[in-house]
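Trainee: Sharing query19.cif (mmCIF, C-alpha atoms (C1' of nucleotides)) below.
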```
data_my_file
#
loop_
_atom_site.label_atom_id
_atom_site.label_comp_id
_atom_site.auth_asym_id
_atom_site.auth_seq_id
_atom_site.Cartn_x
_atom_site.Cartn_y
_atom_site.Cartn_z
CA MET U 44 -37.50 70.22 146.45
CA THR U 45 -39.45 69.37 149.57
CA VAL U 46 -40.12 65.82 148.46
CA THR U 47 -37.38 63.83 146.84
CA ALA U 48 -37.84 62.19 143.46
CA ARG U 49 -37.35 58.83 145.11
CA GLU U 50 -40.37 59.36 147.34
CA THR U 51 -42.47 60.70 144.49
CA LEU U 52 -41.64 57.61 142.46
CA ILE U 53 -42.64 55.26 145.26
CA ASP U 54 -45.88 57.14 145.94
CA THR U 55 -46.83 57.10 142.27
CA THR U 56 -45.97 53.44 141.89
CA GLN U 57 -48.05 52.57 144.96
CA ALA U 58 -51.07 54.14 143.28
CA LEU U 59 -50.44 52.49 139.93
CA LEU U 60 -49.85 49.05 141.44
CA TRP U 61 -53.18 49.36 143.16
CA GLU U 62 -54.98 50.61 140.06
CA ARG U 63 -53.39 48.45 137.40
CA GLY U 64 -51.28 45.77 139.03
CA TYR U 65 -47.64 45.15 138.23
CA ALA U 66 -47.47 43.84 134.66
CA ALA U 67 -49.75 46.58 133.38
CA THR U 68 -47.75 49.34 135.07
CA SER U 69 -44.98 50.57 132.78
CA PRO U 70 -42.03 52.71 133.85
CA ARG U 71 -43.25 55.21 131.29
CA ALA U 72 -46.62 55.47 133.04
CA ILE U 73 -44.94 55.92 136.41
CA LEU U 74 -42.58 58.61 135.16
CA ASP U 75 -45.29 60.51 133.33
CA ARG U 76 -47.54 60.60 136.37
CA ALA U 77 -44.72 61.34 138.78
CA GLY U 78 -43.38 64.11 136.56
CA VAL U 79 -39.89 62.75 136.92
CA GLY U 80 -37.26 61.93 134.34
CA GLN U 81 -36.29 58.41 133.43
CA GLY U 82 -32.77 58.86 134.72
CA SER U 83 -34.02 59.50 138.25
CA MET U 84 -35.77 56.19 138.38
CA TYR U 85 -32.76 54.23 137.25
CA HIS U 86 -30.56 56.22 139.58
CA HIS U 87 -32.62 55.29 142.65
CA PHE U 88 -33.76 51.82 141.64
CA ALA U 89 -32.25 48.97 139.68
CA GLY U 90 -35.34 48.87 137.46
CA LYS U 91 -39.07 48.46 137.38
CA GLU U 92 -39.07 45.45 139.65
CA ALA U 93 -37.01 47.07 142.43
CA LEU U 94 -39.24 50.13 142.41
CA ALA U 95 -42.33 47.96 142.48
CA VAL U 96 -41.00 46.03 145.47
CA ALA U 97 -40.51 49.25 147.43
CA ALA U 98 -43.99 50.47 146.51
CA PHE U 99 -45.67 47.12 147.12
CA GLU U 100 -44.08 46.87 150.56
CA ARG U 101 -45.69 50.17 151.49
CA ASN U 102 -49.09 49.18 150.14
CA ALA U 103 -48.82 45.90 152.02
CA GLU U 104 -47.94 47.68 155.24
CA VAL U 105 -51.02 49.89 154.96
CA VAL U 106 -53.26 46.88 154.39
CA PHE U 107 -51.69 44.96 157.25
CA ASP U 108 -51.94 47.89 159.63
CA LYS U 109 -55.64 48.36 158.95
CA ALA U 110 -56.26 44.68 159.60
CA ALA U 111 -54.12 44.75 162.72
CA VAL U 112 -56.03 47.64 164.25
CA VAL U 113 -59.29 45.71 164.31
CA LEU U 114 -57.94 42.18 164.80
CA ARG U 115 -55.78 43.25 167.74
CA GLY U 116 -58.47 45.60 169.03
CA GLU U 117 -60.88 45.36 171.91
CA GLY U 118 -63.92 43.13 172.01
CA THR U 119 -64.93 39.54 171.56
CA ALA U 120 -63.50 37.24 168.94
CA VAL U 121 -66.64 37.47 166.79
CA GLY U 122 -66.67 41.22 167.30
CA ARG U 123 -63.14 41.52 165.99
CA LEU U 124 -63.70 39.22 163.04
CA ASN U 125 -66.83 41.16 162.18
CA ALA U 126 -64.88 44.39 162.43
CA TYR U 127 -62.35 42.97 159.98
CA LEU U 128 -65.07 41.82 157.59
CA LEU U 129 -66.83 45.18 157.82
CA LEU U 130 -63.74 47.39 157.46
CA GLN U 131 -64.38 50.21 155.08
CA ARG U 132 -62.83 49.28 151.76
CA GLU U 133 -62.66 50.74 148.29
CA VAL U 134 -64.17 47.58 146.93
CA LEU U 135 -64.07 48.38 143.23
CA ARG U 136 -60.42 49.40 143.40
CA GLY U 137 -59.66 45.95 144.74
CA CYS U 138 -57.29 44.91 147.50
CA PRO U 139 -53.82 46.38 146.91
CA VAL U 140 -52.34 43.11 148.14
CA GLY U 141 -54.79 40.50 146.89
CA ARG U 142 -54.93 41.92 143.37
CA MET U 143 -51.22 41.17 142.98
CA ALA U 144 -51.87 37.44 143.37
CA GLY U 145 -53.58 37.41 139.97
CA ASP U 146 -50.64 38.94 138.13
CA PRO U 147 -48.44 36.29 136.51
CA GLU U 148 -45.41 38.58 136.54
CA VAL U 149 -45.77 39.06 140.29
CA LEU U 150 -45.77 35.33 140.86
CA GLU U 151 -42.69 35.03 138.67
CA SER U 152 -40.78 37.63 140.67
CA PRO U 153 -39.37 36.12 143.88
CA ALA U 154 -39.12 39.54 145.50
CA LEU U 155 -42.72 40.57 144.79
CA ARG U 156 -44.00 37.11 145.60
CA ALA U 157 -42.33 37.26 148.99
CA VAL U 158 -44.09 40.49 149.93
CA LEU U 159 -47.40 39.03 148.83
CA ALA U 160 -47.02 35.75 150.71
CA ARG U 161 -45.65 37.37 153.83
CA THR U 162 -48.47 39.91 154.05
CA PHE U 163 -51.19 37.27 153.94
CA ASP U 164 -49.23 35.17 156.42
CA ARG U 165 -49.12 38.06 158.86
CA ILE U 166 -52.82 38.86 158.57
CA ARG U 167 -53.68 35.19 158.83
CA ALA U 168 -51.60 34.90 162.01
CA LEU U 169 -53.60 37.73 163.58
CA ALA U 170 -56.90 36.11 162.60
CA VAL U 171 -55.83 32.69 163.85
CA GLU U 172 -54.90 34.26 167.17
CA VAL U 173 -58.32 35.89 167.46
CA VAL U 174 -60.11 32.61 166.80
CA ALA U 175 -57.86 30.55 169.05
CA ARG U 176 -58.39 32.97 171.93
CA GLY U 177 -62.13 32.92 171.29
CA ILE U 178 -62.17 29.13 171.54
CA GLU U 179 -60.02 29.16 174.67
CA ALA U 180 -62.36 31.66 176.28
CA GLY U 181 -65.35 29.50 175.48
CA GLU U 182 -66.86 32.18 173.26
CA LEU U 183 -66.52 30.09 170.11
CA ARG U 184 -67.54 26.50 169.64
CA PRO U 185 -64.48 24.28 169.94
CA ASP U 186 -65.51 22.10 167.01
CA ILE U 187 -63.77 24.16 164.35
CA GLU U 188 -60.09 24.57 163.52
CA ALA U 189 -58.85 28.08 164.23
CA ALA U 190 -56.76 28.11 161.05
CA GLU U 191 -59.75 27.05 158.98
CA LEU U 192 -62.08 29.71 160.29
CA ALA U 193 -59.36 32.33 159.90
CA ASP U 194 -58.78 31.45 156.27
CA THR U 195 -62.50 31.39 155.61
CA VAL U 196 -62.78 34.95 156.84
CA LEU U 197 -59.79 36.08 154.77
CA ALA U 198 -61.16 34.28 151.73
CA VAL U 199 -64.58 35.91 152.01
CA VAL U 200 -62.93 39.31 151.83
CA GLN U 201 -60.62 38.45 148.95
CA GLY U 202 -63.34 36.59 147.07
CA GLY U 203 -65.73 39.46 147.69
CA TYR U 204 -63.34 41.74 145.84
CA VAL U 205 -63.25 39.31 142.92
CA LEU U 206 -67.04 39.09 142.70
CA ALA U 207 -67.47 42.84 143.01
CA ARG U 208 -64.91 43.68 140.37
CA ALA U 209 -66.34 41.08 138.02
CA ALA U 210 -69.76 42.67 138.43
CA ALA U 211 -68.42 46.24 138.48
CA ASP U 212 -70.61 46.60 141.56
CA PRO U 213 -69.72 46.56 145.26
CA VAL U 214 -72.94 44.77 146.20
CA PRO U 215 -71.64 41.20 145.81
CA PHE U 216 -68.82 42.07 148.20
CA GLU U 217 -71.27 43.43 150.74
CA ARG U 218 -73.51 40.41 150.46
CA ALA U 219 -70.60 38.00 150.89
CA VAL U 220 -69.46 39.84 154.00
CA GLN U 221 -72.94 40.03 155.50
CA GLY U 222 -73.42 36.34 154.91
CA ALA U 223 -70.15 35.64 156.71
CA VAL U 224 -71.23 37.83 159.64
CA ALA U 225 -74.47 35.86 159.89
CA LEU U 226 -72.60 32.54 159.80
CA LEU U 227 -70.15 33.68 162.46
CA ASP U 228 -72.99 34.62 164.73
CA LEU U 229 -73.98 30.96 164.94
CA GLN U 230 -70.45 29.99 165.79
CA ARG U 231 -70.79 31.80 169.10
CA GLN U 232 -71.85 29.95 172.21
CA GLU U 233 -73.04 31.20 175.59
CA ILE U 234 -70.25 32.03 177.94
CA MET H 18 -56.41 18.60 108.59
CA THR H 19 -58.60 16.86 111.10
CA VAL H 20 -58.78 19.87 113.36
CA THR H 21 -59.16 23.30 111.86
CA ALA H 22 -56.75 26.09 112.67
CA ARG H 23 -59.62 28.01 114.16
CA GLU H 24 -60.26 25.31 116.73
CA THR H 25 -56.58 24.92 117.50
CA LEU H 26 -56.34 28.65 118.12
CA ILE H 27 -59.29 28.64 120.50
CA ASP H 28 -58.00 25.60 122.38
CA THR H 29 -54.57 27.13 122.78
CA THR H 30 -55.97 30.47 123.86
CA GLN H 31 -58.18 28.77 126.43
CA ALA H 32 -55.10 27.25 128.01
CA LEU H 33 -53.10 30.47 127.92
CA LEU H 34 -55.92 32.57 129.34
CA TRP H 35 -56.11 30.16 132.24
CA GLU H 36 -52.35 30.09 132.76
CA ARG H 37 -51.47 33.73 132.19
CA GLY H 38 -54.65 35.78 131.93
CA TYR H 39 -55.47 38.08 129.05
CA ALA H 40 -52.99 40.95 129.15
CA ALA H 41 -50.04 38.61 129.55
CA THR H 42 -51.12 36.40 126.64
CA SER H 43 -49.64 37.67 123.38
CA PRO H 44 -50.72 36.62 119.91
CA ARG H 45 -47.16 35.49 119.39
CA ALA H 46 -47.40 33.11 122.35
CA ILE H 47 -50.68 31.74 121.06
CA LEU H 48 -49.39 31.21 117.53
CA ASP H 49 -46.15 29.60 118.66
CA ARG H 50 -47.92 27.12 120.89
CA ALA H 51 -50.68 26.45 118.39
CA GLY H 52 -48.18 25.96 115.59
CA VAL H 53 -50.23 28.22 113.36
CA GLY H 54 -49.25 31.18 111.25
CA GLN H 55 -50.18 34.73 112.11
CA GLY H 56 -52.33 35.10 109.03
CA SER H 57 -54.66 32.32 110.17
CA MET H 58 -55.45 34.11 113.37
CA TYR H 59 -56.31 37.36 111.65
CA HIS H 60 -58.29 35.47 109.04
CA HIS H 61 -60.55 33.81 111.61
CA PHE H 62 -60.65 36.56 114.22
CA ALA H 63 -60.64 40.33 114.16
CA GLY H 64 -57.70 40.32 116.55
CA LYS H 65 -56.46 39.25 119.93
CA GLU H 66 -59.57 40.41 121.74
CA ALA H 67 -62.02 38.56 119.51
CA LEU H 68 -60.04 35.35 119.85
CA ALA H 69 -59.86 35.80 123.60
CA VAL H 70 -63.63 36.27 123.80
CA ALA H 71 -64.21 32.98 121.99
CA ALA H 72 -61.74 31.17 124.24
CA PHE H 73 -62.97 32.78 127.45
CA GLU H 74 -66.56 31.84 126.62
CA ARG H 75 -65.51 28.22 126.43
CA ASN H 76 -63.56 28.35 129.68
CA ALA H 77 -66.51 30.03 131.34
CA GLU H 78 -68.88 27.37 130.06
CA VAL H 79 -66.71 24.62 131.53
CA VAL H 80 -66.61 26.37 134.90
CA PHE H 81 -70.35 26.98 134.88
CA ASP H 82 -71.14 23.43 133.88
CA LYS H 83 -69.09 21.98 136.74
CA ALA H 84 -70.85 24.24 139.21
CA ALA H 85 -74.24 23.44 137.70
CA VAL H 86 -73.76 19.69 138.05
CA VAL H 87 -73.41 19.88 141.82
CA LEU H 88 -75.66 22.87 142.51
CA ARG H 89 -78.51 21.39 140.49
CA GLY H 90 -77.75 17.89 141.74
CA GLU H 91 -79.47 15.67 144.26
CA GLY H 92 -79.35 16.15 148.00
CA THR H 93 -80.02 18.76 150.63
CA ALA H 94 -79.17 22.42 150.28
CA VAL H 95 -76.16 22.12 152.56
CA GLY H 96 -75.12 18.95 150.76
CA ARG H 97 -75.12 20.75 147.43
CA LEU H 98 -73.31 23.81 148.74
CA ASN H 99 -70.72 21.54 150.31
CA ALA H 100 -70.36 19.69 147.03
CA TYR H 101 -69.70 23.00 145.31
CA LEU H 102 -67.16 24.04 147.93
CA LEU H 103 -65.44 20.67 147.75
CA LEU H 104 -65.38 20.35 143.96
CA GLN H 105 -62.02 19.14 142.77
CA ARG H 106 -60.09 22.14 141.52
CA GLU H 107 -56.62 22.84 140.22
CA VAL H 108 -56.15 25.37 142.96
CA LEU H 109 -52.73 26.68 142.02
CA ARG H 110 -53.76 27.23 138.41
CA GLY H 111 -56.50 29.49 139.67
CA CYS H 112 -60.08 29.80 138.51
CA PRO H 113 -60.25 30.32 134.73
CA VAL H 114 -63.07 32.79 135.29
CA GLY H 115 -62.16 34.49 138.55
CA ARG H 116 -58.56 35.13 137.53
CA MET H 117 -59.81 37.32 134.70
CA ALA H 118 -61.35 39.76 137.19
CA GLY H 119 -57.87 40.85 138.25
CA ASP H 120 -56.74 41.72 134.76
CA PRO H 121 -57.14 45.44 134.01
CA GLU H 122 -57.35 44.83 130.26
CA VAL H 123 -60.24 42.42 130.78
CA LEU H 124 -62.18 45.02 132.74
CA GLU H 125 -61.51 47.55 129.99
CA SER H 126 -62.87 45.25 127.29
CA PRO H 127 -66.68 45.34 127.25
CA ALA H 128 -66.83 41.97 125.50
CA LEU H 129 -64.56 40.16 127.97
CA ARG H 130 -66.15 41.91 130.91
CA ALA H 131 -69.55 40.72 129.81
CA VAL H 132 -68.49 37.08 129.80
CA LEU H 133 -66.96 37.48 133.23
CA ALA H 134 -69.96 39.20 134.80
CA ARG H 135 -72.47 36.88 133.18
CA THR H 136 -70.69 33.73 134.33
CA PHE H 137 -70.67 34.77 137.96
CA ASP H 138 -74.28 35.89 137.64
CA ARG H 139 -75.28 32.47 136.38
CA ILE H 140 -73.43 30.57 139.10
CA ARG H 141 -74.79 32.94 141.72
CA ALA H 142 -78.32 32.34 140.48
CA LEU H 143 -77.88 28.60 140.95
CA ALA H 144 -76.51 29.06 144.46
CA VAL H 145 -79.28 31.46 145.43
CA GLU H 146 -81.82 28.94 144.24
CA VAL H 147 -80.25 26.22 146.37
CA VAL H 148 -80.31 28.38 149.49
CA ALA H 149 -83.83 29.69 148.87
CA ARG H 150 -85.17 26.15 148.46
CA GLY H 151 -83.33 25.08 151.59
CA ILE H 152 -84.98 27.84 153.58
CA GLU H 153 -88.42 27.04 152.12
CA ALA H 154 -87.99 23.40 153.02
CA GLY H 155 -87.09 24.32 156.59
CA GLU H 156 -83.63 22.80 156.24
CA LEU H 157 -81.87 26.14 156.63
CA ARG H 158 -82.50 28.76 159.28
CA PRO H 159 -84.69 31.48 157.81
CA ASP H 160 -82.68 34.26 159.45
CA ILE H 161 -80.22 34.69 156.60
CA GLU H 162 -80.65 36.23 153.16
CA ALA H 163 -80.32 33.65 150.40
CA ALA H 164 -78.33 36.05 148.23
CA GLU H 165 -75.93 36.75 151.07
CA LEU H 166 -75.20 33.14 151.86
CA ALA H 167 -74.81 32.37 148.16
CA ASP H 168 -72.25 35.13 147.67
CA THR H 169 -70.41 34.07 150.80
CA VAL H 170 -69.98 30.60 149.37
CA LEU H 171 -68.82 31.93 146.00
CA ALA H 172 -66.45 34.33 147.72
CA VAL H 173 -64.87 31.61 149.85
CA VAL H 174 -63.98 29.72 146.69
CA GLN H 175 -62.66 32.75 144.81
CA GLY H 176 -60.83 34.07 147.84
CA GLY H 177 -59.41 30.64 148.50
CA TYR H 178 -57.78 30.74 145.09
CA VAL H 179 -56.25 34.13 145.89
CA LEU H 180 -54.83 32.94 149.22
CA ALA H 181 -53.49 29.73 147.71
CA ARG H 182 -51.81 31.43 144.77
CA ALA H 183 -50.31 34.06 147.04
CA ALA H 184 -48.85 31.31 149.20
CA ALA H 185 -47.97 29.04 146.25
CA ASP H 186 -49.69 26.36 148.31
CA PRO H 187 -53.18 24.85 148.01
CA VAL H 188 -53.55 24.52 151.78
CA PRO H 189 -55.06 27.96 152.44
CA PHE H 190 -57.74 27.16 149.87
CA GLU H 191 -58.52 23.88 151.58
CA ARG H 192 -58.66 25.49 155.00
CA ALA H 193 -60.98 28.24 153.78
CA VAL H 194 -63.33 25.69 152.24
CA GLN H 195 -63.30 23.43 155.30
CA GLY H 196 -64.08 26.39 157.51
CA ALA H 197 -67.02 27.28 155.30
CA VAL H 198 -68.29 23.71 155.45
CA ALA H 199 -68.14 23.83 159.25
CA LEU H 200 -69.99 27.14 159.33
CA LEU H 201 -72.68 25.88 156.97
CA ASP H 202 -73.27 22.89 159.20
CA LEU H 203 -74.51 25.22 161.93
CA GLN H 204 -76.86 26.90 159.50
CA ARG H 205 -78.87 23.69 159.29
CA GLN H 206 -81.84 23.14 161.51
CA GLU H 207 -83.82 19.99 162.29
CA ILE H 208 -86.50 19.24 159.76
"C1'" DG E 5 -29.40 63.72 141.15
"C1'" DT E 6 -31.85 64.84 137.30
"C1'" DC E 7 -32.56 65.28 132.61
"C1'" DT E 8 -32.97 63.98 127.30
"C1'" DA E 9 -31.68 60.96 123.70
"C1'" DT E 10 -31.24 56.63 122.16
"C1'" DA E 11 -31.11 51.32 121.87
"C1'" DC E 12 -33.26 47.05 121.14
"C1'" DA E 13 -36.80 43.71 121.79
"C1'" DA E 14 -41.66 42.56 121.91
"C1'" DC E 15 -46.28 44.13 121.14
"C1'" DG E 16 -50.62 43.91 118.09
"C1'" DA E 17 -51.84 44.47 113.37
"C1'" DT E 18 -51.43 44.52 108.22
"C1'" DA E 19 -49.77 43.28 103.37
"C1'" DG E 20 -49.50 40.36 100.05
"C1'" DA E 21 -47.61 35.87 98.08
"C1'" DC E 22 -49.04 31.13 97.66
"C1'" DG J 272 -56.93 29.49 104.37
"C1'" DT J 273 -52.39 29.71 105.49
"C1'" DC J 274 -47.98 31.50 105.30
"C1'" DT J 275 -43.89 35.05 105.83
"C1'" DA J 276 -42.49 39.78 105.81
"C1'" DT J 277 -43.06 44.03 107.55
"C1'" DC J 278 -45.17 48.11 109.89
"C1'" DG J 279 -45.66 51.47 113.73
"C1'" DT J 280 -45.88 51.58 118.78
"C1'" DT J 281 -44.70 50.65 123.30
"C1'" DG J 282 -41.89 48.10 126.64
"C1'" DT J 283 -37.59 48.29 129.64
"C1'" DA J 284 -33.02 49.76 129.92
"C1'" DT J 285 -28.70 52.44 128.94
"C1'" DA J 286 -25.70 56.57 127.64
"C1'" DG J 287 -24.15 60.59 128.58
"C1'" DA J 288 -24.91 65.78 129.15
"C1'" DC J 289 -25.84 69.06 132.81
#
```
Would you mind writing the file's structure down as structure tokens?

Mentor:
Amino acid sequence: MTVTARETLIDTTQALLWERGYAATSPRAILDRAGVGQGSMYHHFAGKEALAVAAFERNAEVVFDKAAVVLRGEGTAVGRLNAYLLLQREVLRGCPVGRMAGDPEVLESPALRAVLARTFDRIRALAVEVVARGIEAGELRPDIEAAELADTVLAVVQGGYVLARAAADPVPFERAVQGAVALLDLQRQEI
Amino acid sequence: MTVTARETLIDTTQALLWERGYAATSPRAILDRAGVGQGSMYHHFAGKEALAVAAFERNAEVVFDKAAVVLRGEGTAVGRLNAYLLLQREVLRGCPVGRMAGDPEVLESPALRAVLARTFDRIRALAVEVVARGIEAGELRPDIEAAELADTVLAVVQGGYVLARAAADPVPFERAVQGAVALLDLQRQEI
DNA sequence: GTCTATACAACGATAGAC
DNA sequence: GTCTATCGTTGTATAGAC
């Protein structure tokens, strides 16, 4: 076979973790969709949790990379934060990383928890850097904590997902993001 | 008995929905904690879902009422939005309403979904009213959409929960809220 | 490495005695 | 109204053939 069963299992689990979260994703569901026998899964992975960790790490890497492209990109601090806020997202599918924070079984699994916490830490670090540089450069008003503004931006995105999924409508997400863009605009000062 | 089994079941389910969400809350867990037999539950409710709807409605009412007190309260628009942002919350327990939006089984249940969507709609309506009045009164800059700013504020709170739970630390929530307060301050204009 | 067959517990729901 | 006993299904994991 061109693609190994191991890879197929991880790919399938990535999709199911995104769609359904961890607790609601059964090995049975993974195997059925992957078209792979149960033995293969337990040959390659210790169990559901180990497979989920491998898949979640890949989902997290994709999310981080997309954030990194815009947050490390060219432009002003506000321009980069806006680019992050306005990234194209499949709003109603939810954030593949953020959605895991609502799953009690994820929080109870040290391995899954670690991926979750680390991913937000890494994105936050990028955002803090953007804000701190913006303040240094005199682009942003110095009367705000870089870490606070960074977390506000991250929270708007994550909360936007929550509001949109609750409403089964992407509009609340878009409004939340547009409101944040408008607020950030006032945070700028003449250079 | 002073308290009926029906009430005990709803109380217990309220707590478990908040702690674990819907999918991860089994009838067995409810009955064990409530100290009630299985027959009582199926006598008073059609099943797990019907009991969860009754319990979720109560949790939602509590959340709405707390928001309504500050959003309908005295003070300026920014003062009321700040009061909402700074409401005392059990951050690591999560929002009893917002946490349900991450549960796939909740989104698949029309009855539970309806409670979820309606609760955010009601809180949003209060926040929009606050912002719209603030703009009318000349307290807030007129160059922002009321609905956008309202959803931004709601999203900061909901996203703050996500960040805090992911980190197992309330600090990201507090930072996100403080950043939002700082941003709102710039939205004010002299009256 | 991959498969099928099976084990055993927990799930949500029902039956029927009291 | 409340209880215990039981049902059928699904969950995760293991056994063992190929």

Trainee: Residues at most 10 Å from region 275-282 of chain J, counting all atoms listed in the file, excluding those fewer than 6 positions away in the same chain, as a list in words?

Mentor: Ser69, Pro70 and Arg71 of chain U; Gly54, Gln55 and Gly56 of chain H; DA13, DA14, DC15, DG16, DA17, DT18, DA19, DG20 and DA21 of chain E

Trainee: Taking the file above as input, evaluate the PyMOL selection byres ((chain H and resi 58) around 9) and report the hits as a list of chain:residue names.

Mentor: H:Ala22, H:Arg23, H:Leu26, H:Pro44, H:Leu48, H:Val53, H:Gly54, H:Gln55, H:Gly56, H:Ser57, H:Tyr59, H:His60, H:His61, H:Phe62, H:Ala63, H:Gly64, H:Lys65, H:Leu68

Trainee: Mind dumping a table of every chain U residue within 8 Å of chain H, with the nearest atom pair and its distance in Å to one decimal, using only C-alpha atoms, sorted by chain and rising number, as a Markdown table?

Mentor:
```
| residue | atom | partner | partner_atom | distance |
| --- | --- | --- | --- | --- |
| U:Arg63 | CA | H:Pro121 | CA | 5.9 |
| U:Gly64 | CA | H:Pro121 | CA | 7.7 |
| U:Ala66 | CA | H:Ala41 | CA | 7.8 |
| U:Ala67 | CA | H:Pro121 | CA | 7.5 |
| U:Gly141 | CA | H:Val179 | CA | 6.6 |
| U:Arg142 | CA | H:Gly119 | CA | 6.0 |
| U:Ala144 | CA | H:Ala183 | CA | 5.2 |
| U:Gly145 | CA | H:Gly119 | CA | 5.8 |
| U:Asp146 | CA | H:Gly119 | CA | 7.5 |
| U:Pro147 | CA | H:Arg37 | CA | 5.9 |
| U:Leu150 | CA | H:Ala183 | CA | 7.8 |
| U:Arg156 | CA | H:Ala183 | CA | 7.2 |
| U:Leu159 | CA | H:Ala183 | CA | 6.0 |
| U:Ala160 | CA | H:Ala184 | CA | 5.0 |
| U:Phe163 | CA | H:Leu180 | CA | 7.4 |
| U:Ile187 | CA | H:Ala199 | CA | 6.7 |
| U:Glu188 | CA | H:Gly196 | CA | 7.4 |
| U:Ala190 | CA | H:Arg192 | CA | 6.9 |
| U:Glu191 | CA | H:Arg192 | CA | 4.4 |
| U:Leu192 | CA | H:Gly196 | CA | 4.8 |
| U:Ala193 | CA | H:Ala193 | CA | 7.5 |
| U:Asp194 | CA | H:Ala193 | CA | 4.6 |
| U:Thr195 | CA | H:Ala193 | CA | 3.9 |
| U:Val196 | CA | H:Ala193 | CA | 7.6 |
| U:Leu197 | CA | H:Gly176 | CA | 7.3 |
| U:Ala198 | CA | H:Gly176 | CA | 3.9 |
| U:Val199 | CA | H:Val173 | CA | 4.8 |
| U:Val200 | CA | H:Gly176 | CA | 6.9 |
| U:Gln201 | CA | H:Gly176 | CA | 4.5 |
| U:Gly202 | CA | H:Gly176 | CA | 3.6 |
| U:Gly203 | CA | H:Ala172 | CA | 5.2 |
| U:Val205 | CA | H:Ala118 | CA | 6.1 |
| U:Leu206 | CA | H:Ala172 | CA | 6.9 |
| U:Arg208 | CA | H:Ala118 | CA | 6.2 |
| U:Ala209 | CA | H:Ala134 | CA | 5.2 |
| U:Ala210 | CA | H:Ala134 | CA | 5.0 |
| U:Pro215 | CA | H:Asp168 | CA | 6.4 |
| U:Phe216 | CA | H:Asp168 | CA | 7.8 |
| U:Arg218 | CA | H:Glu165 | CA | 4.4 |
| U:Ala219 | CA | H:Thr169 | CA | 3.9 |
| U:Val220 | CA | H:Thr169 | CA | 6.7 |
| U:Gln221 | CA | H:Glu165 | CA | 6.3 |
| U:Gly222 | CA | H:Glu165 | CA | 4.6 |
| U:Ala223 | CA | H:Thr169 | CA | 6.1 |
| U:Ala225 | CA | H:Ile161 | CA | 6.7 |
| U:Leu226 | CA | H:Leu200 | CA | 6.0 |
| U:Leu227 | CA | H:Leu200 | CA | 7.3 |
| U:Leu229 | CA | H:Leu203 | CA | 6.5 |
| U:Gln230 | CA | H:Leu200 | CA | 7.1 |
```

Trainee: Please put the answer as AutoDock Vina command-line options: centre and edge lengths, in Å with one decimal, of a box along x, y and z that encloses all listed atoms of chain J plus 5 Å on each side.

Mentor:
```
--center_x -40.5 --center_y 49.3 --center_z 118.6 --size_x 42.8 --size_y 49.6 --size_z 38.4
```

Trainee: What are the closest atom pairs, with distances in Å to one decimal, for all residues of chain J lying within 12 Å of chain U? Consider all atoms listed in the file, order rows by chain and residue number, and present the result as CSV.

Mentor:
```
residue,atom,partner,partner_atom,distance
J:DT281,C1',U:Arg71,CA,9.3
J:DG282,C1',U:Ser69,CA,7.3
J:DT283,C1',U:Pro70,CA,7.5
J:DA284,C1',U:Gly90,CA,7.9
J:DT285,C1',U:Tyr85,CA,9.4
J:DA286,C1',U:Gly82,CA,10.3
J:DG287,C1',U:Gly82,CA,10.7
J:DA288,C1',U:Gly82,CA,11.9
```

Trainee: Would you kindly report the residues of chain E within 9 Å of chain U, using all atoms listed in the file, as a PDB file with C-alpha atoms (C1' of nucleotides), in the coordinates of the input?

Mentor:
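Written output follows (iface.pdb):
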```pdb
ATOM      1  C1'  DG E   5     -29.400  63.720 141.150  1.00  0.00           C
ATOM      2  C1'  DT E   6     -31.850  64.840 137.300  1.00  0.00           C
ATOM      3  C1'  DC E   7     -32.560  65.280 132.610  1.00  0.00           C
ATOM      4  C1'  DT E   8     -32.970  63.980 127.300  1.00  0.00           C
TER       5       DT E   8
END
```
